[in-house]
file model-v4.cif (mmCIF, C-alpha atoms and all ligand atoms)
data_entry
loop_
_atom_site.label_atom_id
_atom_site.label_comp_id
_atom_site.auth_asym_id
_atom_site.auth_seq_id
_atom_site.Cartn_x
_atom_site.Cartn_y
_atom_site.Cartn_z
CA MET A 1162 17.96 4.46 -4.54
CA GLY A 1163 17.91 1.08 -2.78
CA LYS A 1164 14.99 -1.10 -1.87
CA LEU A 1165 12.23 0.29 0.38
CA LEU A 1166 10.62 -1.66 3.22
CA ILE A 1167 7.08 -0.54 4.09
CA VAL A 1168 5.98 -2.14 7.35
CA ALA A 1169 2.48 -2.29 8.87
CA ASN A 1170 2.44 -2.69 12.65
CA LEU A 1171 -1.14 -3.66 13.51
CA LYS A 1172 -0.28 -3.58 17.23
CA SER A 1173 -2.87 -5.16 19.58
CA TYR A 1174 -5.79 -4.58 17.23
CA LYS A 1175 -8.17 -6.79 15.20
CA ASN A 1176 -9.98 -9.93 16.21
CA GLU A 1177 -10.49 -12.72 13.69
CA ASN A 1178 -13.46 -11.11 11.90
CA GLU A 1179 -11.79 -7.71 11.70
CA ALA A 1180 -8.63 -9.34 10.43
CA LYS A 1181 -10.64 -11.08 7.67
CA ASP A 1182 -12.07 -7.75 6.53
CA TRP A 1183 -8.57 -6.22 6.56
CA LEU A 1184 -7.21 -9.08 4.45
CA GLU A 1185 -10.04 -8.90 1.91
CA ALA A 1186 -9.30 -5.21 1.37
CA PHE A 1187 -5.54 -5.72 1.43
CA LYS A 1188 -5.42 -8.27 -1.38
CA LYS A 1189 -5.79 -5.31 -3.78
CA ILE A 1190 -2.13 -4.61 -3.06
CA ASN A 1191 -1.50 -7.03 -5.93
CA ASP A 1192 -2.83 -4.34 -8.30
CA LEU A 1193 0.32 -2.33 -7.52
CA ARG A 1194 2.40 -5.06 -9.15
CA LEU A 1195 5.27 -4.40 -6.76
CA ASN A 1196 8.75 -5.20 -7.93
CA PRO A 1197 10.21 -7.07 -4.93
CA ALA A 1198 13.64 -5.69 -5.73
CA GLU A 1199 12.30 -2.14 -5.25
CA LYS A 1200 9.61 -2.26 -2.59
CA GLU A 1201 8.54 -4.85 -0.04
CA ALA A 1202 5.35 -4.59 2.02
CA ILE A 1203 5.62 -6.32 5.40
CA VAL A 1204 2.60 -6.88 7.64
CA CYS A 1205 2.95 -7.55 11.37
CA PRO A 1206 -0.33 -8.81 12.89
CA SER A 1207 -0.87 -10.16 16.41
CA PHE A 1208 0.33 -13.70 17.08
CA THR A 1209 -3.26 -14.96 17.09
CA GLN A 1210 -3.68 -13.71 13.52
CA LEU A 1211 -0.33 -14.84 12.14
CA PHE A 1212 -1.67 -18.16 10.86
CA SER A 1213 -4.73 -16.66 9.13
CA PHE A 1214 -2.56 -14.01 7.47
CA PHE A 1215 -0.07 -16.64 6.38
CA SER A 1216 -2.80 -18.86 4.90
CA TYR A 1217 -4.53 -15.95 3.21
CA PHE A 1218 -1.31 -14.54 1.73
CA SER A 1219 -0.34 -18.00 0.40
CA SER A 1220 -3.70 -18.95 -1.09
CA ASN A 1221 -4.26 -15.54 -2.71
CA ASN A 1222 -0.66 -14.91 -3.77
CA VAL A 1223 -0.67 -11.63 -1.88
CA SER A 1224 2.51 -9.73 -2.66
CA ALA A 1225 3.53 -8.99 0.91
CA THR A 1226 5.56 -10.71 3.60
CA LEU A 1227 4.84 -11.27 7.27
CA GLY A 1228 6.46 -10.16 10.47
CA ALA A 1229 5.78 -10.74 14.16
CA GLN A 1230 5.51 -7.89 16.65
CA ASN A 1231 7.42 -9.61 19.42
CA VAL A 1232 9.40 -12.75 20.27
CA SER A 1233 10.43 -14.63 23.37
CA PRO A 1234 13.98 -13.98 24.61
CA PHE A 1235 14.13 -17.75 25.25
CA ASP A 1236 14.36 -20.72 22.93
CA GLU A 1237 11.56 -23.31 22.95
CA GLY A 1238 10.94 -24.73 26.40
CA ALA A 1239 9.02 -24.37 29.63
CA TYR A 1240 8.13 -20.68 29.28
CA THR A 1241 4.36 -20.53 29.64
CA GLY A 1242 2.73 -17.91 27.47
CA GLU A 1243 5.78 -17.12 25.32
CA VAL A 1244 5.98 -17.42 21.54
CA ASN A 1245 9.51 -18.27 20.40
CA ALA A 1246 11.47 -17.64 17.21
CA LYS A 1247 11.28 -21.28 16.08
CA GLN A 1248 7.46 -21.04 16.16
CA ILE A 1249 7.39 -17.68 14.39
CA LYS A 1250 9.66 -19.01 11.67
CA ASP A 1251 6.79 -21.20 10.35
CA PHE A 1252 4.87 -18.07 9.32
CA ALA A 1253 7.00 -14.93 9.25
CA SER A 1254 10.32 -13.59 8.01
CA TYR A 1255 10.68 -10.49 10.18
CA VAL A 1256 10.30 -9.68 13.88
CA LEU A 1257 9.88 -6.24 15.47
CA ILE A 1258 12.14 -5.94 18.50
CA GLY A 1259 12.49 -3.04 20.92
CA HIS A 1260 9.34 -1.02 20.22
CA SER A 1261 8.99 1.76 22.80
CA GLU A 1262 5.55 0.39 23.73
CA ARG A 1263 7.27 -2.82 24.81
CA ARG A 1264 10.23 -1.10 26.47
CA ASN A 1265 7.84 1.13 28.47
CA ASN A 1266 4.85 -1.12 29.22
CA PHE A 1267 6.65 -4.44 29.60
CA THR A 1268 9.97 -3.19 31.02
CA GLU A 1269 12.03 -4.71 28.24
CA THR A 1270 15.68 -3.97 28.94
CA ASP A 1271 18.62 -3.65 26.57
CA ASP A 1272 19.90 -7.03 27.82
CA MET A 1273 16.58 -8.70 27.07
CA LEU A 1274 16.48 -7.14 23.61
CA VAL A 1275 19.93 -8.55 22.83
CA LYS A 1276 18.61 -12.02 23.76
CA LYS A 1277 15.58 -11.53 21.50
CA VAL A 1278 17.79 -10.50 18.59
CA ASP A 1279 20.04 -13.53 19.17
CA MET A 1280 17.04 -15.89 19.12
CA VAL A 1281 15.65 -14.36 15.95
CA LEU A 1282 19.02 -14.65 14.21
CA LYS A 1283 19.46 -18.23 15.43
CA TYR A 1284 16.32 -19.21 13.50
CA GLY A 1285 17.19 -17.23 10.38
CA LEU A 1286 14.62 -14.47 10.88
CA ASN A 1287 15.30 -10.77 10.26
CA PRO A 1288 15.06 -8.48 13.28
CA ILE A 1289 13.67 -4.99 12.71
CA PHE A 1290 15.19 -3.21 15.69
CA LEU A 1291 13.42 -0.08 16.93
CA VAL A 1292 15.40 2.82 18.32
CA GLN A 1293 14.01 5.95 19.92
CA SER A 1294 17.03 8.13 19.14
CA LYS A 1295 20.45 7.87 17.57
CA GLU A 1296 21.85 7.09 21.05
CA THR A 1297 19.84 3.85 21.47
CA SER A 1298 22.21 0.87 21.43
CA ILE A 1299 21.79 -1.55 18.54
CA PRO A 1300 22.63 -5.24 19.14
CA GLU A 1301 25.14 -7.09 16.98
CA GLY A 1302 23.69 -8.80 13.94
CA VAL A 1303 20.89 -6.29 13.37
CA LYS A 1304 20.63 -5.17 9.74
CA ILE A 1305 17.35 -3.23 9.81
CA VAL A 1306 16.70 -0.41 12.27
CA ALA A 1307 13.54 1.66 12.62
CA TYR A 1308 13.90 5.12 14.15
CA GLU A 1309 10.71 6.07 16.00
CA PRO A 1310 10.88 9.18 18.20
CA MET A 1311 8.44 8.91 21.11
CA PHE A 1312 6.72 12.23 20.41
CA ALA A 1313 5.73 11.04 16.94
CA ILE A 1314 4.13 7.69 17.80
CA GLY A 1315 0.35 7.74 17.49
CA THR A 1316 0.20 11.51 17.85
CA GLY A 1317 -0.34 12.73 14.29
CA ASN A 1318 2.80 14.77 14.84
CA PRO A 1319 5.62 13.16 12.81
CA ASP A 1320 9.26 14.12 12.99
CA THR A 1321 10.30 16.37 10.11
CA PRO A 1322 11.74 14.45 7.15
CA GLU A 1323 14.95 16.50 7.52
CA SER A 1324 15.40 15.55 11.17
CA ALA A 1325 14.54 11.88 10.49
CA ASP A 1326 17.04 11.84 7.64
CA THR A 1327 19.76 13.33 9.87
CA VAL A 1328 19.13 10.74 12.59
CA ALA A 1329 19.08 7.91 10.00
CA GLY A 1330 22.38 9.21 8.60
CA ALA A 1331 23.93 9.35 12.09
CA ILE A 1332 22.82 5.76 12.80
CA LYS A 1333 24.36 4.64 9.52
CA THR A 1334 27.75 6.12 10.43
CA THR A 1335 27.96 3.54 13.22
CA ARG A 1336 27.45 0.61 10.80
CA ALA A 1337 27.73 0.79 7.06
CA ASP A 1338 25.38 -2.10 6.25
CA LEU A 1339 22.29 -0.89 8.12
CA MET A 1340 18.93 -0.10 6.54
CA VAL A 1341 17.10 2.60 8.52
CA LEU A 1342 13.31 3.03 8.45
CA TYR A 1343 11.34 5.94 9.90
CA GLY A 1344 8.23 5.44 12.04
CA GLY A 1345 5.80 7.80 13.79
CA SER A 1346 2.55 9.20 12.34
CA VAL A 1347 3.32 8.11 8.79
CA LYS A 1348 0.34 8.20 6.40
CA SER A 1349 -0.24 8.17 2.65
CA ALA A 1350 -0.06 11.97 2.48
CA ASN A 1351 3.40 12.25 4.08
CA VAL A 1352 5.14 8.94 3.35
CA ARG A 1353 6.96 10.23 0.29
CA SER A 1354 8.51 13.13 2.18
CA PHE A 1355 10.36 10.51 4.25
CA THR A 1356 11.16 7.87 1.65
CA GLU A 1357 12.59 10.45 -0.75
CA LYS A 1358 15.33 11.21 1.79
CA SER A 1359 18.65 9.60 0.98
CA ASN A 1360 19.23 7.93 4.37
CA ILE A 1361 15.70 6.58 4.83
CA ASP A 1362 15.07 3.05 3.51
CA GLY A 1363 11.39 2.72 4.32
CA VAL A 1364 8.73 3.34 6.94
CA LEU A 1365 7.05 1.62 9.87
CA VAL A 1366 3.36 2.46 10.07
CA GLY A 1367 1.09 1.95 13.09
CA GLY A 1368 -2.31 3.67 13.22
CA ALA A 1369 -2.65 4.37 9.50
CA SER A 1370 -2.07 0.71 8.64
CA LEU A 1371 -5.22 -0.37 10.50
CA ASN A 1372 -7.08 0.65 7.37
CA ALA A 1373 -5.89 -1.72 4.63
CA GLN A 1374 -6.81 0.68 1.84
CA GLU A 1375 -4.75 3.44 3.46
CA PHE A 1376 -1.82 1.08 3.92
CA ILE A 1377 -1.96 0.20 0.21
CA GLU A 1378 -1.88 3.96 -0.57
CA ILE A 1379 1.15 4.29 1.68
CA VAL A 1380 2.94 1.49 -0.15
CA LYS A 1381 1.96 3.04 -3.48
CA ASN A 1382 3.09 6.57 -2.56
CA ALA A 1383 6.35 5.52 -0.86
P1 LIG B 1401 1.97 5.33 14.40
O1 LIG B 1401 2.80 4.16 15.13
O2 LIG B 1401 2.16 5.18 12.93
O3 LIG B 1401 0.55 5.13 14.86
O4 LIG B 1401 2.53 6.63 14.89
C1 LIG B 1401 4.05 3.77 14.66
C2 LIG B 1401 4.55 2.63 15.52
O5 LIG B 1401 4.33 2.68 16.75
O6 LIG B 1401 5.15 1.66 15.03
#

call {"tool": "encode", "arguments": {"input": "model-v4.cif", "output": "structure tokens"}}
result
Amino acid sequence: MGKLLIVANLKSYKNENEAKDWLEAFKKINDLRLNPAEKEAIVCPSFTQLFSFFSYFSSNNVSATLGAQNVSPFDEGAYTGEVNAKQIKDFASYVLIGHSERRNNFTETDDMLVKKVDMVLKYGLNPIFLVQSKETSIPEGVKIVAYEPMFAIGTGNPDTPESADTVAGAIKTTRADLMVLYGGSVKSANVRSFTEKSNIDGVLVGGASLNAQEFIEIVKNA
């Protein structure tokens, strides 16, 4: 089996104090003594927390990497309110692109998502591209895809591991070099049923990752 990526998507949760509590609890991930060649834990906080997470991870040698939840489709410039890939690069290695919450609430189009992927690649970051089905188009240059069916997100009703594995397999037939993660109501009690499938290379976790202890359990059980 190849390497597993276990991603926490903290979404639009946690102010500075709550983030501090999360980090204090999360530093126990070091007790797992993860082998980076086998398992990588990736945490995606809000932009406002990216610097505190980065500082905390560095000063406590936390064995996890950082991702951003979004990126500007533009390069640096006169784009008030946007955070661009060059800025993210100072703190993070990954960027989530194409989450259904962004497609649906912020009318992100396929064209815009291609621009975001291009920006992320330009600055040497790794896009984690979210697809809602095997039909969703995947921009050139993407190496990591996360399959998240809408019915499974935040509902406590995950896809079956068999169905997720079939979709991941179908996505891989389009490009041989893709890693495919599964996301949607993953928790410590069900993570293994997904990661044991041959086509699934990890998980993307929303709600359950808001509790740092639970996210550590997910990483451990994966
Ligand atoms: P969930 O969210 O784990 O709360 O279902 C997953 C996601 O939206 O990335």

call {"tool": "closest_residue", "arguments": {"input": "model-v4.cif", "among": "A:Glu1296, A:Glu1301, A:Glu1262, A:Glu1323", "to": "ligand LIG 1401 (chain B)", "atoms": "only C-alpha atoms and all ligand atoms"}}
result
A:Glu1262

call {"tool": "residues_near_ligand", "arguments": {"input": "model-v4.cif", "ligand": "ligand LIG 1401 (chain B)", "cutoff": "10 Å", "atoms": "only C-alpha atoms and all ligand atoms", "output": "ChimeraX atom specification"}}
result
/A:1168-1172,1230,1257,1260-1262,1291,1307-1319,1343-1348,1364-1371

call {"tool": "closest_residue", "arguments": {"input": "model-v4.cif", "among": "A:Ile1305, A:Met1273, A:Val1223, A:Ile1379", "to": "A:Asp1362", "atoms": "only C-alpha atoms"}}
result
A:Ile1305

call {"tool": "closest_residue", "arguments": {"input": "model-v4.cif", "among": "A:Asn1222, A:Thr1356, A:Asn1287, A:Thr1334", "to": "A:Val1303", "atoms": "only C-alpha atoms"}}
result
A:Asn1287

call {"tool": "closest_residue", "arguments": {"input": "model-v4.cif", "among": "A:Ser1220, A:Ser1233, A:Ser1359, A:Asn1191", "to": "A:Gly1163", "atoms": "all atoms listed in the file"}}
result
A:Ser1359

call {"tool": "atom_distance", "arguments": {"input": "model-v4.cif", "atom1": "atom CA of A:Gln1210", "atom2": "atom CA of A:Leu1184"}}
result
10.8 Å

call {"tool": "atom_distance", "arguments": {"input": "model-v4.cif", "atom1": "atom CA of A:Lys1200", "atom2": "atom CA of A:Asn1382"}}
result
11.0 Å

call {"tool": "residues_around", "arguments": {"input": "model-v4.cif", "residues": "A:Arg1194", "least_positions_apart": "2", "cutoff": "12 Å", "atoms": "all atoms listed in the file", "output": "list of chain:residue names"}}
result
A:Lys1188, A:Lys1189, A:Ile1190, A:Asn1191, A:Asp1192, A:Asn1196, A:Pro1197, A:Ala1198, A:Glu1199, A:Lys1200, A:Glu1201, A:Ala1202, A:Asn1222, A:Val1223, A:Ser1224, A:Ala1225, A:Ile1377, A:Val1380, A:Lys1381

call {"tool": "axis_aligned_box", "arguments": {"input": "model-v4.cif", "around": "stretch 1290-1308 of chain A", "padding_each_side": "8 Å", "output": "JSON"}}
result
{"center_x": 19.3, "center_y": -0.3, "center_z": 15.6, "size_x": 27.7, "size_y": 32.9, "size_z": 27.7}

call {"tool": "atom_distance", "arguments": {"input": "model-v4.cif", "atom1": "atom CA of A:Ala1229", "atom2": "atom CA of A:Ala1253"}}
result
6.6 Å

call {"tool": "residues_around", "arguments": {"input": "model-v4.cif", "residues": "A:Ser1213", "least_positions_apart": "3", "cutoff": "10 Å", "atoms": "only C-alpha atoms", "output": "mmCIF file with C-alpha atoms, in the coordinates of the input"}}
result
data_model
loop_
_atom_site.group_PDB
_atom_site.id
_atom_site.type_symbol
_atom_site.label_atom_id
_atom_site.label_comp_id
_atom_site.auth_asym_id
_atom_site.auth_seq_id
_atom_site.Cartn_x
_atom_site.Cartn_y
_atom_site.Cartn_z
ATOM 1 C CA GLU A 1177 -10.490 -12.720 13.690
ATOM 2 C CA ALA A 1180 -8.630 -9.340 10.430
ATOM 3 C CA LYS A 1181 -10.640 -11.080 7.670
ATOM 4 C CA LEU A 1184 -7.210 -9.080 4.450
ATOM 5 C CA PRO A 1206 -0.330 -8.810 12.890
ATOM 6 C CA PHE A 1208 0.330 -13.700 17.080
ATOM 7 C CA THR A 1209 -3.260 -14.960 17.090
ATOM 8 C CA GLN A 1210 -3.680 -13.710 13.520
ATOM 9 C CA SER A 1216 -2.800 -18.860 4.900
ATOM 10 C CA TYR A 1217 -4.530 -15.950 3.210
ATOM 11 C CA PHE A 1218 -1.310 -14.540 1.730
ATOM 12 C CA SER A 1219 -0.340 -18.000 0.400
ATOM 13 C CA PHE A 1252 4.870 -18.070 9.320
#

call {"tool": "closest_residue", "arguments": {"input": "model-v4.cif", "among": "A:Lys1175, A:Lys1304, A:Arg1336, A:Lys1164", "to": "A:Ala1373", "atoms": "only C-alpha atoms"}}
result
A:Lys1175

call {"tool": "closest_residue", "arguments": {"input": "model-v4.cif", "among": "A:Gln1248, A:Asp1338, A:Ile1361, A:Ser1207", "to": "A:Asp1236", "atoms": "all atoms listed in the file"}}
result
A:Gln1248

call {"tool": "decode", "arguments": {"input": "model-v4.cif", "residues": "stretch 1203-1247 of chain A", "atoms": "N, CA and C atoms", "output": "compact mmCIF listing (two decimals), in the first residue's frame"}}
result
# COMPACT_ATOMS: atom_id res chain seq x y z
N ILE A 1203 -2.31 16.39 7.42
CA ILE A 1203 -2.32 17.74 6.85
C ILE A 1203 -3.47 18.51 7.49
N VAL A 1204 -3.18 19.70 8.02
CA VAL A 1204 -4.22 20.48 8.68
C VAL A 1204 -4.47 21.76 7.88
N CYS A 1205 -5.74 22.02 7.59
CA CYS A 1205 -6.12 23.21 6.82
C CYS A 1205 -6.99 24.13 7.67
N PRO A 1206 -6.35 25.10 8.36
CA PRO A 1206 -7.12 26.07 9.16
C PRO A 1206 -7.54 27.26 8.28
N SER A 1207 -8.29 28.18 8.87
CA SER A 1207 -8.64 29.42 8.17
C SER A 1207 -7.38 30.24 7.92
N PHE A 1208 -7.45 31.14 6.96
CA PHE A 1208 -6.29 32.00 6.67
C PHE A 1208 -5.81 32.74 7.92
N THR A 1209 -6.77 33.22 8.74
CA THR A 1209 -6.37 34.01 9.92
C THR A 1209 -5.60 33.17 10.93
N GLN A 1210 -5.72 31.86 10.85
CA GLN A 1210 -5.00 30.99 11.79
C GLN A 1210 -3.74 30.36 11.20
N LEU A 1211 -3.51 30.59 9.91
CA LEU A 1211 -2.40 29.89 9.25
C LEU A 1211 -1.05 30.22 9.91
N PHE A 1212 -0.86 31.49 10.28
CA PHE A 1212 0.41 31.87 10.89
C PHE A 1212 0.58 31.24 12.27
N SER A 1213 -0.48 31.26 13.10
CA SER A 1213 -0.32 30.64 14.43
C SER A 1213 -0.07 29.15 14.32
N PHE A 1214 -0.74 28.48 13.39
CA PHE A 1214 -0.50 27.05 13.22
C PHE A 1214 0.94 26.80 12.76
N PHE A 1215 1.38 27.62 11.82
CA PHE A 1215 2.74 27.47 11.29
C PHE A 1215 3.77 27.64 12.42
N SER A 1216 3.60 28.70 13.21
CA SER A 1216 4.55 28.95 14.31
C SER A 1216 4.50 27.82 15.32
N TYR A 1217 3.30 27.40 15.67
CA TYR A 1217 3.16 26.34 16.68
C TYR A 1217 3.76 25.03 16.19
N PHE A 1218 3.46 24.67 14.95
CA PHE A 1218 4.01 23.42 14.39
C PHE A 1218 5.54 23.48 14.40
N SER A 1219 6.11 24.64 13.99
CA SER A 1219 7.57 24.75 13.92
C SER A 1219 8.18 24.68 15.31
N SER A 1220 7.64 25.46 16.26
CA SER A 1220 8.32 25.52 17.56
C SER A 1220 8.10 24.26 18.39
N ASN A 1221 7.08 23.48 18.09
CA ASN A 1221 6.85 22.24 18.85
C ASN A 1221 7.17 20.98 18.04
N ASN A 1222 7.78 21.16 16.90
CA ASN A 1222 8.08 20.01 16.02
C ASN A 1222 6.89 19.10 15.81
N VAL A 1223 5.73 19.68 15.58
CA VAL A 1223 4.52 18.87 15.38
C VAL A 1223 4.62 18.15 14.04
N SER A 1224 4.39 16.84 14.09
CA SER A 1224 4.56 16.05 12.86
C SER A 1224 3.31 16.09 11.98
N ALA A 1225 3.09 17.28 11.41
CA ALA A 1225 1.96 17.46 10.49
C ALA A 1225 2.32 18.62 9.58
N THR A 1226 1.68 18.66 8.43
CA THR A 1226 1.93 19.75 7.49
C THR A 1226 0.67 20.61 7.37
N LEU A 1227 0.82 21.74 6.70
CA LEU A 1227 -0.29 22.69 6.64
C LEU A 1227 -0.82 22.86 5.23
N GLY A 1228 -2.13 23.10 5.16
CA GLY A 1228 -2.75 23.42 3.89
C GLY A 1228 -3.67 24.62 4.08
N ALA A 1229 -3.98 25.29 2.97
CA ALA A 1229 -4.97 26.37 2.99
C ALA A 1229 -6.28 25.82 2.42
N GLN A 1230 -7.38 26.48 2.78
CA GLN A 1230 -8.68 25.99 2.33
C GLN A 1230 -9.12 26.62 1.02
N ASN A 1231 -8.38 27.63 0.56
CA ASN A 1231 -8.80 28.38 -0.61
C ASN A 1231 -7.61 29.17 -1.10
N VAL A 1232 -7.70 29.71 -2.31
CA VAL A 1232 -6.63 30.54 -2.86
C VAL A 1232 -7.25 31.47 -3.90
N SER A 1233 -6.62 32.61 -4.08
CA SER A 1233 -7.09 33.52 -5.13
C SER A 1233 -6.81 32.92 -6.51
N PRO A 1234 -7.71 33.15 -7.48
CA PRO A 1234 -7.41 32.74 -8.85
C PRO A 1234 -6.40 33.68 -9.52
N PHE A 1235 -6.08 34.81 -8.83
CA PHE A 1235 -5.15 35.79 -9.38
C PHE A 1235 -3.80 35.71 -8.68
N ASP A 1236 -2.79 36.22 -9.35
CA ASP A 1236 -1.47 36.37 -8.74
C ASP A 1236 -1.53 37.58 -7.79
N GLU A 1237 -0.42 37.91 -7.16
CA GLU A 1237 -0.42 39.09 -6.29
C GLU A 1237 -0.83 40.32 -7.11
N GLY A 1238 -1.46 41.28 -6.44
CA GLY A 1238 -1.87 42.47 -7.18
C GLY A 1238 -3.03 43.17 -6.51
N ALA A 1239 -3.69 44.02 -7.26
CA ALA A 1239 -4.77 44.84 -6.72
C ALA A 1239 -6.08 44.05 -6.71
N TYR A 1240 -6.18 43.12 -5.78
CA TYR A 1240 -7.36 42.26 -5.64
C TYR A 1240 -7.78 42.27 -4.17
N THR A 1241 -8.37 43.33 -3.75
CA THR A 1241 -8.72 43.54 -2.34
C THR A 1241 -9.43 42.33 -1.74
N GLY A 1242 -8.91 41.89 -0.62
CA GLY A 1242 -9.56 40.81 0.13
C GLY A 1242 -9.10 39.41 -0.27
N GLU A 1243 -8.31 39.29 -1.33
CA GLU A 1243 -7.87 37.96 -1.76
C GLU A 1243 -6.56 37.56 -1.10
N VAL A 1244 -6.38 36.26 -0.91
CA VAL A 1244 -5.11 35.72 -0.42
C VAL A 1244 -4.55 34.86 -1.55
N ASN A 1245 -3.35 35.19 -2.01
CA ASN A 1245 -2.82 34.52 -3.20
C ASN A 1245 -1.80 33.42 -2.87
N ALA A 1246 -1.47 32.65 -3.88
CA ALA A 1246 -0.62 31.46 -3.68
C ALA A 1246 0.77 31.84 -3.17
N LYS A 1247 1.30 32.97 -3.63
CA LYS A 1247 2.63 33.40 -3.17
C LYS A 1247 2.61 33.64 -1.66
